[in-house]
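Trainee: Dropping in model_12.cif, which is mmCIF, C-alpha atoms:
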```cif
data_final
#
loop_
_atom_site.label_atom_id
_atom_site.label_comp_id
_atom_site.auth_asym_id
_atom_site.auth_seq_id
_atom_site.Cartn_x
_atom_site.Cartn_y
_atom_site.Cartn_z
CA MET A 1 15.43 27.13 -1.17
CA ASN A 2 12.87 27.85 1.55
CA GLU A 3 9.76 25.83 2.35
CA ILE A 4 7.25 28.28 0.84
CA GLU A 5 9.21 28.45 -2.43
CA LEU A 6 9.46 24.64 -2.55
CA LYS A 7 5.74 24.25 -1.81
CA ASN A 8 4.78 26.68 -4.57
CA LYS A 9 7.04 25.08 -7.21
CA LEU A 10 6.19 21.50 -6.25
CA GLY A 11 2.49 22.36 -6.04
CA ILE A 12 2.45 23.78 -9.56
CA PHE A 13 4.49 20.81 -10.86
CA ILE A 14 2.11 18.19 -9.41
CA VAL A 15 -1.09 19.98 -10.44
CA VAL A 16 0.21 20.51 -14.00
CA SER A 17 1.41 16.87 -14.18
CA HIS A 18 -1.97 15.61 -12.95
CA PHE A 19 -4.08 17.49 -15.48
CA GLY A 20 -1.42 17.16 -18.20
CA MET A 21 -1.55 13.38 -17.95
CA LEU A 22 -5.34 13.35 -18.24
CA VAL A 23 -5.12 15.63 -21.30
CA LEU A 24 -2.46 13.32 -22.80
CA VAL A 25 -4.82 10.33 -22.45
CA VAL A 26 -7.62 12.25 -24.23
CA VAL A 27 -5.23 13.39 -27.01
CA ILE A 28 -4.01 9.80 -27.58
CA TRP A 29 -7.64 8.64 -27.67
CA LEU A 30 -8.43 11.33 -30.28
CA LEU A 31 -5.44 10.10 -32.34
CA GLY A 32 -6.75 6.50 -32.18
CA GLY A 33 -4.38 5.12 -29.56
CA PHE A 34 -7.19 4.08 -27.23
CA LEU A 35 -10.72 2.83 -27.80
CA THR A 36 -13.35 4.96 -26.04
CA ASP A 37 -13.87 2.54 -23.15
CA GLU A 38 -10.09 2.15 -22.79
CA MET A 39 -9.75 5.94 -22.55
CA THR A 40 -12.43 6.25 -19.84
CA THR A 41 -10.96 3.32 -17.90
CA THR A 42 -7.47 4.84 -18.10
CA ILE A 43 -8.74 8.18 -16.79
CA ALA A 44 -10.63 6.40 -14.01
CA ILE A 45 -7.40 4.64 -12.99
CA ILE A 46 -5.00 7.59 -13.32
CA ALA A 47 -7.18 10.40 -11.90
CA PRO A 48 -7.15 9.14 -8.28
CA PHE A 49 -3.34 8.58 -8.33
CA LEU A 50 -2.56 12.27 -7.99
CA ALA A 51 -6.00 13.52 -6.89
CA SER A 52 -5.25 13.39 -3.14
CA TYR A 53 -2.04 15.39 -3.68
CA THR A 54 -3.78 17.85 -6.01
CA THR A 55 -6.57 18.33 -3.44
CA ALA A 56 -4.05 19.09 -0.67
CA ILE A 57 -2.12 21.47 -2.95
CA LEU A 58 -5.22 23.33 -4.14
CA LYS A 59 -6.38 23.69 -0.51
CA TYR A 60 -2.98 25.20 0.35
CA ILE A 61 -3.11 27.57 -2.66
CA VAL A 62 -6.60 28.76 -1.69
CA GLU A 63 -5.67 29.23 1.98
CA THR A 64 -2.52 31.24 1.17
CA LYS A 65 -4.02 33.36 -1.59
CA ASN A 66 -3.34 36.61 0.34
CA LYS A 67 0.11 35.72 1.72
CA ILE A 68 2.15 37.50 -0.96
CA SER A 69 5.42 37.98 0.89
CA ALA A 70 5.40 34.90 3.11
CA ARG A 71 8.80 33.54 4.09
CA GLY A 72 9.36 29.91 5.01
CA LYS A 73 12.02 27.95 6.83
CA PRO A 74 14.99 26.86 4.72
CA VAL A 75 14.94 23.22 3.53
CA THR A 76 17.90 20.96 2.80
CA THR A 77 19.03 20.43 -0.78
CA ILE A 78 18.42 16.69 -0.52
CA PHE A 79 14.82 17.26 0.63
CA ALA A 80 14.19 19.73 -2.20
CA PHE A 81 15.76 17.31 -4.71
CA MET A 82 13.76 14.31 -3.49
CA SER A 83 10.56 16.39 -3.42
CA PHE A 84 10.86 16.83 -7.19
CA CYS A 85 12.65 13.59 -8.03
CA LEU A 86 10.06 11.09 -6.77
CA PRO A 87 6.91 12.81 -8.13
CA GLY A 88 8.86 13.46 -11.36
CA ALA A 89 9.83 9.79 -11.75
CA PHE A 90 6.25 8.75 -10.92
CA THR A 91 4.84 11.11 -13.55
CA LEU A 92 7.44 10.08 -16.15
CA LEU A 93 6.67 6.38 -15.68
CA LEU A 94 2.93 7.01 -16.05
CA ILE A 95 3.48 9.11 -19.20
CA ALA A 96 5.82 6.41 -20.58
CA ALA A 97 3.17 3.74 -19.94
CA ILE A 98 0.49 5.83 -21.70
CA LEU A 99 2.76 6.42 -24.72
CA LEU A 100 3.91 2.78 -24.91
CA LYS A 101 0.27 1.63 -24.97
CA GLY A 102 -0.56 4.33 -27.52
CA PHE A 103 2.18 3.08 -29.85
CA ASN A 104 1.62 -0.62 -28.99
CA ILE A 105 5.27 -0.99 -27.99
CA GLY A 106 5.91 -3.26 -25.03
CA LEU A 107 2.45 -2.79 -23.55
CA ARG A 108 0.49 -4.25 -26.47
CA SER A 109 -2.63 -5.23 -24.55
CA PHE A 110 -4.82 -3.11 -22.29
CA GLU A 111 -4.51 -5.63 -19.43
CA ASP A 112 -0.69 -5.27 -19.47
CA PHE A 113 -1.14 -1.50 -19.47
CA LYS A 114 -3.45 -1.59 -16.42
CA ILE A 115 -0.98 -3.83 -14.56
CA MET A 116 1.83 -1.36 -15.38
CA LEU A 117 -0.22 1.56 -14.01
CA GLY A 118 -1.04 -0.36 -10.84
CA THR A 119 2.58 -1.40 -10.33
CA THR A 120 3.81 2.18 -10.78
CA GLU A 121 1.27 3.41 -8.22
CA THR A 122 2.33 0.65 -5.78
CA ILE A 123 6.02 1.51 -6.15
CA PHE A 124 5.76 5.29 -5.92
CA GLY A 125 2.47 6.04 -4.15
CA VAL A 126 3.78 5.65 -0.59
CA TYR A 127 7.00 7.62 -1.11
CA VAL A 128 5.37 10.48 -3.03
CA GLY A 129 2.61 10.65 -0.41
CA GLN A 130 5.14 10.85 2.42
CA LEU A 131 6.98 13.74 0.76
CA VAL A 132 3.93 15.66 -0.40
CA PHE A 133 2.04 15.34 2.89
CA SER A 134 5.09 16.50 4.84
CA LEU A 135 4.64 19.83 3.04
CA PHE A 136 0.89 20.02 2.42
CA GLU A 137 -1.92 19.19 4.85
CA ARG A 138 -3.43 15.77 4.11
CA PRO A 139 -7.12 16.13 3.12
CA GLU A 140 -9.50 14.67 5.71
CA VAL A 141 -11.50 11.64 4.69
CA LYS A 142 -14.84 11.42 6.50
CA GLN A 143 -15.54 7.93 7.78
CA PRO A 144 -19.14 6.75 7.37
CA GLU A 145 -20.94 6.44 10.68
CA THR A 146 -21.86 2.95 11.71
CA ALA A 147 -24.81 1.96 13.86
CA GLY A 148 -22.52 0.66 16.59
CA THR A 149 -20.48 3.86 16.98
CA HIS A 150 -23.01 5.83 19.06
CA HIS A 151 -23.76 2.83 21.22
CA ASP A 152 -20.05 2.38 22.04
CA ASP A 153 -19.67 6.13 22.76
CA LYS A 154 -22.51 6.02 25.25
CA GLN A 155 -21.04 3.01 26.93
CA ALA A 156 -17.66 4.72 27.20
CA SER A 157 -19.15 7.83 28.83
CA MET B 1 -8.39 -18.31 -53.62
CA ASP B 2 -5.53 -16.49 -55.35
CA PHE B 3 -8.00 -13.66 -55.80
CA LEU B 4 -8.43 -13.31 -51.99
CA ASP B 5 -4.69 -13.71 -51.47
CA GLN B 6 -3.94 -10.84 -53.88
CA ARG B 7 -6.83 -8.74 -52.57
CA PHE B 8 -5.54 -8.77 -48.98
CA ALA B 9 -1.84 -8.61 -49.93
CA ALA B 10 -2.63 -5.27 -51.60
CA ARG B 11 -3.84 -4.07 -48.19
CA LYS B 12 -0.63 -5.21 -46.46
CA ALA B 13 -2.70 -7.80 -44.58
CA ARG B 14 -1.89 -11.46 -44.02
CA PHE B 15 -4.22 -14.01 -45.63
CA VAL B 16 -4.06 -17.61 -44.43
CA ARG B 17 -6.28 -20.36 -45.82
CA ASP B 18 -6.70 -23.79 -44.41
CA PRO B 19 -8.46 -26.16 -46.84
CA VAL B 20 -10.29 -28.97 -45.06
CA PHE B 21 -12.46 -30.60 -47.70
CA PRO B 22 -12.99 -29.78 -51.39
CA GLY B 23 -15.41 -26.89 -51.58
CA ILE B 24 -14.89 -25.75 -47.97
CA VAL B 25 -12.21 -23.14 -47.41
CA PRO B 26 -11.73 -21.70 -43.93
CA PHE B 27 -9.54 -18.60 -43.95
CA ARG B 28 -8.09 -15.98 -41.63
CA VAL B 29 -6.93 -12.45 -42.39
CA ASP B 30 -5.06 -10.28 -39.90
CA ARG B 31 -3.09 -7.02 -39.92
CA LEU B 32 -6.06 -5.32 -41.61
CA ARG B 33 -6.75 -1.63 -40.93
CA GLY B 34 -10.10 0.10 -41.48
CA GLU B 35 -11.28 -2.64 -43.84
CA ILE B 36 -14.65 -3.33 -42.19
CA VAL B 37 -15.16 -0.20 -40.08
CA THR B 38 -14.11 2.05 -42.93
CA ASP B 39 -14.31 5.39 -41.11
CA SER B 40 -11.51 4.38 -38.75
CA LYS B 41 -7.94 3.06 -38.89
CA MET B 42 -8.59 0.36 -36.30
CA TRP B 43 -6.74 -2.94 -36.49
CA GLU B 44 -9.03 -5.73 -37.66
CA LYS B 45 -9.00 -9.51 -38.02
CA ILE B 46 -11.33 -11.66 -40.08
CA GLU B 47 -12.13 -15.33 -39.74
CA GLY B 48 -14.41 -16.90 -42.28
CA THR B 49 -15.35 -19.96 -44.26
CA LEU B 50 -16.21 -20.05 -47.94
CA PHE B 51 -18.49 -22.88 -49.02
CA MET B 52 -18.62 -23.71 -52.74
CA ASN B 53 -21.33 -26.08 -53.93
CA GLN B 54 -21.84 -27.07 -57.56
CA GLU B 55 -25.45 -27.60 -58.65
CA GLY B 56 -25.65 -28.47 -62.31
CA ASP B 57 -23.92 -25.73 -64.26
CA ARG B 58 -24.11 -23.32 -61.33
CA ILE B 59 -21.68 -22.82 -58.45
CA LEU B 60 -23.36 -21.65 -55.25
CA LEU B 61 -21.20 -19.61 -52.88
CA PHE B 62 -21.83 -19.26 -49.16
CA LEU B 63 -19.67 -17.05 -47.00
CA GLU B 64 -19.63 -17.20 -43.20
CA ILE B 65 -17.59 -14.42 -41.64
CA GLY B 66 -16.69 -13.01 -38.23
CA GLY B 67 -14.13 -10.52 -37.05
CA GLN B 68 -12.38 -8.65 -34.29
CA TYR B 69 -11.06 -5.12 -33.83
CA ALA B 70 -8.59 -3.20 -31.66
CA ALA B 71 -7.52 0.42 -31.22
CA ALA B 72 -5.62 1.86 -34.18
CA GLY B 73 -2.60 2.86 -32.12
CA LEU B 74 -0.18 5.63 -33.03
CA GLY B 75 2.33 3.46 -34.87
CA ASP B 76 2.39 0.53 -37.26
CA THR B 77 2.63 -2.19 -34.61
CA PRO B 78 -0.59 -4.16 -34.12
CA PRO B 79 -1.66 -4.87 -30.54
CA SER B 80 -1.40 -8.37 -29.09
CA SER B 81 -4.22 -10.83 -29.79
CA ASP B 82 -5.83 -10.39 -26.35
CA ALA B 83 -6.35 -6.68 -27.10
CA PHE B 84 -8.85 -7.58 -29.84
CA ARG B 85 -12.58 -7.76 -29.23
CA ASP B 86 -15.45 -9.07 -31.35
CA LEU B 87 -16.88 -6.79 -34.03
CA GLU B 88 -20.34 -7.99 -33.09
CA PRO B 89 -22.65 -6.62 -31.82
CA ARG B 90 -21.15 -3.11 -32.01
CA TYR B 91 -20.12 -3.26 -35.67
CA ALA B 92 -22.57 -5.97 -36.81
CA LYS B 93 -23.98 -3.72 -39.56
CA GLN B 94 -20.53 -2.97 -41.00
CA LEU B 95 -19.60 -6.66 -40.84
CA ALA B 96 -22.79 -7.65 -42.69
CA GLU B 97 -22.14 -5.00 -45.36
CA TYR B 98 -18.54 -6.13 -45.70
CA SER B 99 -19.46 -9.81 -46.09
CA THR B 100 -21.97 -8.88 -48.80
CA LEU B 101 -19.32 -6.84 -50.60
CA LEU B 102 -16.73 -9.62 -50.35
CA LEU B 103 -19.22 -12.20 -51.59
CA GLN B 104 -20.16 -9.98 -54.55
CA GLU B 105 -16.47 -9.61 -55.42
CA LEU B 106 -16.04 -13.40 -55.24
CA GLN B 107 -19.14 -13.94 -57.41
CA GLY B 108 -17.73 -11.49 -59.97
CA ARG B 109 -14.41 -13.31 -59.96
CA PHE B 110 -16.07 -16.73 -60.39
CA THR B 111 -18.20 -15.39 -63.25
CA GLU B 112 -15.04 -14.14 -65.00
CA LEU B 113 -13.36 -17.52 -64.55
CA VAL B 114 -16.35 -19.43 -65.93
CA LYS B 115 -16.40 -17.19 -69.02
#
```
Would you encode the structure as structure tokens?
Mentor:
Amino acid sequence: MNEIELKNKLGIFIVVSHFGMLVLVVVIWLLGGFLTDEMTTTIAIIAPFLASYTTAILKYIVETKNKISARGKPVTTIFAFMSFCLPGAFTLLLIAAILLKGFNIGLRSFEDFKIMLGTTETIFGVYVGQLVFSLFERPEVKQPETAGTHHDDKQAS
Amino acid sequence: MDFLDQRFAARKARFVRDPVFPGIVPFRVDRLRGEIVTDSKMWEKIEGTLFMNQEGDRILLFLEIGGQYAAAGLGDTPPSSDAFRDLEPRYAKQLAEYSTLLLQELQGRFTELVK
């Protein structure tokens, strides 16, 4: 597998997982598995988990929209496997947590459910980020300007 | 009280009464679904006290009632107790209507017994 092929497949997988999970939460809410405020809180917690990856992937898709026959460098099998394995496990755990709360099995209170989501993000967030951002450009986060910044700049010059 | 026991058993709920003094009957009902908020299948719990006071040939009934609700869930397992929240103020109207209905049923039952 080459890098472009891996990027395209992984990109589609993460974007579909991201929006699929949000749809799953809404469907479970419609079926009575969540109260309305539980549903909105769950979306507010889950949406940012994959949002930074989705943003980087969508930026890449937009930037390469005309590169039809692009060829990338070959990647090792282990890298390709891990690129799918870690985001896949992360997504599966989040889906499992949503379903367990929906059926009141194991995670029978909303507080337990929120702790489970947070723990999953803590375990996988760093690893998935490392893999995804080695392929896709990390989106820039603008830092708010502080009053002291300009003063320090002037002093430095 | 057998009337309440049978009434809630028919709904697969659990009715527990805890008599303190004659004429004062605190009770709890859990594992209820869509009993108070009837347009949903939410899990519900009720806690109430029935006061019975005899005045001459009349028996006066007073019913004090409160309750909690939780998401219906996709299966038959109720959520843990900390997942429940108070029915009031959100479902105060439904709770008031339900307590009136329950009290009317109890009055009807007492009238039958007196006859």
Trainee: Which residue, A:Thr55, A:Thr42, A:Thr36, A:Ser83, has the smallest gap to chain B when you use all atoms listed in the file?
Mentor: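 Ranked by minimum distance to chain B, first place goes to A:Thr36.
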Trainee: For region 4-13 of chain B, I'd like the enclosing box, axis-aligned and padded by 6 Å on every side, reported as JSON with centre and edge lengths in Å to one decimal.
Mentor:
```
{"center_x": -4.5, "center_y": -8.9, "center_z": -49.2, "size_x": 19.8, "size_y": 21.6, "size_z": 21.3}
```
Trainee: Within 12 Å of (-20.7, -3.5, -38.2) (coordinates as in the file), grab all the protein and nucleic acid residues, counting all atoms listed in the file, and write them out as a PyMOL selection string.
Mentor: chain B and resi 34-39+44+65-69+86-100
Trainee: Find the nearest atom pair between each residue of chain A and chain B for residues within 8 Å, count only C-alpha atoms, give distances in Å to one decimal, sort rows by chain and ascending number, and present the table as a tab-separated table.
Mentor:
```
residue	atom	partner	partner_atom	distance
A:Ile28	CA	B:Leu74	CA	7.9
A:Leu31	CA	B:Leu74	CA	6.9
A:Gly32	CA	B:Ala72	CA	5.2
A:Gly33	CA	B:Gly73	CA	3.9
A:Phe34	CA	B:Ala71	CA	5.4
A:Leu35	CA	B:Ala71	CA	5.3
A:Lys101	CA	B:Gly73	CA	7.8
A:Gly102	CA	B:Gly73	CA	5.2
A:Phe103	CA	B:Leu74	CA	4.7
A:Asn104	CA	B:Pro79	CA	5.6
A:Ile105	CA	B:Thr77	CA	7.2
A:Arg108	CA	B:Pro79	CA	4.6
A:Ser109	CA	B:Ala83	CA	4.7
A:Phe110	CA	B:Ala83	CA	6.2
A:Glu111	CA	B:Ala83	CA	8.0
```
Trainee: Decode the PyMOL selection byres ((chain B and resi 104-113) around 10) for the given file into explicit residues and return them as number ranges by chain.
Mentor: B: 1, 3-4, 50, 59-61, 63, 98-103, 114-115
Trainee: Write the residues you've just listed into a file as a tab-separated table (two decimals), keeping the file's coordinate frame, and include C-alpha atoms for each of them.
Mentor:
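Final output, part.tsv:
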```tsv
chain	number	residue	atom	x	y	z
B	1	MET	CA	-8.39	-18.31	-53.62
B	3	PHE	CA	-8.00	-13.66	-55.80
B	4	LEU	CA	-8.43	-13.31	-51.99
B	50	LEU	CA	-16.21	-20.05	-47.94
B	59	ILE	CA	-21.68	-22.82	-58.45
B	60	LEU	CA	-23.36	-21.65	-55.25
B	61	LEU	CA	-21.20	-19.61	-52.88
B	63	LEU	CA	-19.67	-17.05	-47.00
B	98	TYR	CA	-18.54	-6.13	-45.70
B	99	SER	CA	-19.46	-9.81	-46.09
B	100	THR	CA	-21.97	-8.88	-48.80
B	101	LEU	CA	-19.32	-6.84	-50.60
B	102	LEU	CA	-16.73	-9.62	-50.35
B	103	LEU	CA	-19.22	-12.20	-51.59
B	114	VAL	CA	-16.35	-19.43	-65.93
B	115	LYS	CA	-16.40	-17.19	-69.02
```
Trainee: The residues within 7 Å of (-10.2, -19.2, -48.1), using all atoms listed in the file and the coordinates of the file, should be reported as a CSV table (one decimal) with C-alpha atoms, in the frame of the given file; which are they?
Mentor:
```
chain,number,residue,atom,x,y,z
B,1,MET,CA,-8.4,-18.3,-53.6
B,17,ARG,CA,-6.3,-20.4,-45.8
B,18,ASP,CA,-6.7,-23.8,-44.4
B,25,VAL,CA,-12.2,-23.1,-47.4
B,26,PRO,CA,-11.7,-21.7,-43.9
B,27,PHE,CA,-9.5,-18.6,-44.0
B,49,THR,CA,-15.4,-20.0,-44.3
B,50,LEU,CA,-16.2,-20.0,-47.9
```
Trainee: Taking the file as I've supplied it (selection: the PyMOL selection byres ((chain A and resi 136) around 7)), which residues are included? Please answer as a PyMOL selection string.
Mentor: chain A and resi 56-57+60+132-135+137-138
Trainee: May I have the residues from that selection written out with C-alpha atoms, as a tab-separated table (two decimals), in the frame of the given file?
Mentor:
```tsv
chain	number	residue	atom	x	y	z
A	56	ALA	CA	-4.05	19.09	-0.67
A	57	ILE	CA	-2.12	21.47	-2.95
A	60	TYR	CA	-2.98	25.20	0.35
A	132	VAL	CA	3.93	15.66	-0.40
A	133	PHE	CA	2.04	15.34	2.89
A	134	SER	CA	5.09	16.50	4.84
A	135	LEU	CA	4.64	19.83	3.04
A	137	GLU	CA	-1.92	19.19	4.85
A	138	ARG	CA	-3.43	15.77	4.11
```
Trainee: Rounded to one decimal place, report the CA of Glu121 (chain A)-CA of Ile4 (chain A) distance in Å.
Mentor: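 We find that CA of Glu121 (chain A) and CA of Ile4 (chain A) lie 27.1 Å from each other.
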Trainee: Contacts of region 17-23 of chain A at 7 Å or less, counting all atoms listed in the file, minus same-chain residues fewer than 2 places along, as a ChimeraX atom specification?
Mentor: /A:13-15,25-27,43,50,91,95
Trainee: Would you mind reading off the distance between CA of Val126 (chain A) and CA of Asp37 (chain A), one decimal, in Å?
Mentor: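 That distance, rounded to one decimal, is 28.8 Å.
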Trainee: Here's the selection I'm unsure about, the PyMOL selection byres ((chain B and resi 15) around 7); applied to the file above, which residues does it give, as a list of chain:residue names?
Mentor: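 Going through the file, the PyMOL selection byres ((chain B and resi 15) around 7) ends up selecting B:Asp5, B:Phe8, B:Ala13, B:Arg14, B:Val16, B:Arg17, B:Arg28, B:Val29, B:Asp30.
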Trainee: Missing atoms in region 126-136 of chain A should be modelled up to all heavy atoms and reported as an mmCIF file, in the frame of the given file.
Mentor:
```cif
data_model
loop_
_atom_site.group_PDB
_atom_site.id
_atom_site.type_symbol
_atom_site.label_atom_id
_atom_site.label_comp_id
_atom_site.auth_asym_id
_atom_site.auth_seq_id
_atom_site.Cartn_x
_atom_site.Cartn_y
_atom_site.Cartn_z
ATOM 1 N N VAL A 126 3.447 5.441 -2.006
ATOM 2 C CA VAL A 126 3.780 5.650 -0.590
ATOM 3 C C VAL A 126 4.832 6.739 -0.427
ATOM 4 O O VAL A 126 4.691 7.642 0.410
ATOM 5 C CB VAL A 126 4.294 4.319 0.029
ATOM 6 C CG1 VAL A 126 4.691 4.508 1.473
ATOM 7 C CG2 VAL A 126 3.240 3.245 -0.096
ATOM 8 N N TYR A 127 5.885 6.661 -1.242
ATOM 9 C CA TYR A 127 7.000 7.620 -1.110
ATOM 10 C C TYR A 127 6.551 9.038 -1.472
ATOM 11 O O TYR A 127 6.873 9.997 -0.763
ATOM 12 C CB TYR A 127 8.169 7.206 -2.006
ATOM 13 C CG TYR A 127 8.641 5.802 -1.765
ATOM 14 C CD1 TYR A 127 8.717 4.884 -2.803
ATOM 15 C CD2 TYR A 127 9.005 5.383 -0.493
ATOM 16 C CE1 TYR A 127 9.138 3.582 -2.584
ATOM 17 C CE2 TYR A 127 9.426 4.092 -0.250
ATOM 18 C CZ TYR A 127 9.488 3.190 -1.300
ATOM 19 O OH TYR A 127 9.890 1.920 -1.075
ATOM 20 N N VAL A 128 5.822 9.144 -2.595
ATOM 21 C CA VAL A 128 5.370 10.480 -3.030
ATOM 22 C C VAL A 128 4.431 11.047 -1.968
ATOM 23 O O VAL A 128 4.539 12.224 -1.600
ATOM 24 C CB VAL A 128 4.677 10.397 -4.413
ATOM 25 C CG1 VAL A 128 4.105 11.747 -4.804
ATOM 26 C CG2 VAL A 128 5.667 9.938 -5.475
ATOM 27 N N GLY A 129 3.548 10.210 -1.445
ATOM 28 C CA GLY A 129 2.610 10.650 -0.410
ATOM 29 C C GLY A 129 3.339 11.172 0.814
ATOM 30 O O GLY A 129 2.998 12.219 1.363
ATOM 31 N N GLN A 130 4.375 10.457 1.228
ATOM 32 C CA GLN A 130 5.140 10.850 2.420
ATOM 33 C C GLN A 130 5.777 12.240 2.235
ATOM 34 O O GLN A 130 5.729 13.074 3.129
ATOM 35 C CB GLN A 130 6.228 9.814 2.672
ATOM 36 C CG GLN A 130 6.589 9.683 4.131
ATOM 37 C CD GLN A 130 7.314 8.373 4.407
ATOM 38 O OE1 GLN A 130 7.658 7.645 3.473
ATOM 39 N NE2 GLN A 130 7.538 8.081 5.655
ATOM 40 N N LEU A 131 6.335 12.455 1.037
ATOM 41 C CA LEU A 131 6.980 13.740 0.760
ATOM 42 C C LEU A 131 5.963 14.871 0.644
ATOM 43 O O LEU A 131 6.108 15.931 1.254
ATOM 44 C CB LEU A 131 7.787 13.656 -0.545
ATOM 45 C CG LEU A 131 9.154 13.003 -0.449
ATOM 46 C CD1 LEU A 131 9.697 12.699 -1.822
ATOM 47 C CD2 LEU A 131 10.112 13.928 0.296
ATOM 48 N N VAL A 132 4.921 14.608 -0.143
ATOM 49 C CA VAL A 132 3.930 15.660 -0.400
ATOM 50 C C VAL A 132 3.199 16.045 0.887
ATOM 51 O O VAL A 132 3.034 17.230 1.188
ATOM 52 C CB VAL A 132 2.929 15.214 -1.501
ATOM 53 C CG1 VAL A 132 1.763 16.185 -1.609
ATOM 54 C CG2 VAL A 132 3.639 15.105 -2.836
ATOM 55 N N PHE A 133 2.810 15.033 1.675
ATOM 56 C CA PHE A 133 2.040 15.340 2.890
ATOM 57 C C PHE A 133 2.915 15.856 4.035
ATOM 58 O O PHE A 133 2.409 16.274 5.066
ATOM 59 C CB PHE A 133 1.208 14.132 3.310
ATOM 60 C CG PHE A 133 0.131 13.798 2.310
ATOM 61 C CD1 PHE A 133 -0.034 12.510 1.833
ATOM 62 C CD2 PHE A 133 -0.708 14.801 1.819
ATOM 63 C CE1 PHE A 133 -1.012 12.215 0.899
ATOM 64 C CE2 PHE A 133 -1.686 14.512 0.888
ATOM 65 C CZ PHE A 133 -1.838 13.219 0.422
ATOM 66 N N SER A 134 4.239 15.840 3.853
ATOM 67 C CA SER A 134 5.090 16.500 4.840
ATOM 68 C C SER A 134 5.109 18.013 4.586
ATOM 69 O O SER A 134 5.482 18.793 5.456
ATOM 70 C CB SER A 134 6.517 15.950 4.779
ATOM 71 O OG SER A 134 7.149 16.361 3.591
ATOM 72 N N LEU A 135 4.688 18.402 3.388
ATOM 73 C CA LEU A 135 4.640 19.830 3.040
ATOM 74 C C LEU A 135 3.211 20.373 3.057
ATOM 75 O O LEU A 135 2.954 21.487 3.495
ATOM 76 C CB LEU A 135 5.231 20.049 1.642
ATOM 77 C CG LEU A 135 6.735 19.862 1.485
ATOM 78 C CD1 LEU A 135 7.119 19.786 0.021
ATOM 79 C CD2 LEU A 135 7.485 21.000 2.152
ATOM 80 N N PHE A 136 2.291 19.575 2.536
ATOM 81 C CA PHE A 136 0.890 20.020 2.420
ATOM 82 C C PHE A 136 0.023 19.196 3.374
ATOM 83 O O PHE A 136 0.280 18.008 3.582
ATOM 84 C CB PHE A 136 0.386 19.823 0.980
ATOM 85 C CG PHE A 136 1.195 20.550 -0.049
ATOM 86 C CD1 PHE A 136 2.238 19.915 -0.720
ATOM 87 C CD2 PHE A 136 0.939 21.873 -0.355
ATOM 88 C CE1 PHE A 136 2.993 20.572 -1.668
ATOM 89 C CE2 PHE A 136 1.696 22.542 -1.303
ATOM 90 C CZ PHE A 136 2.716 21.896 -1.967
#
```
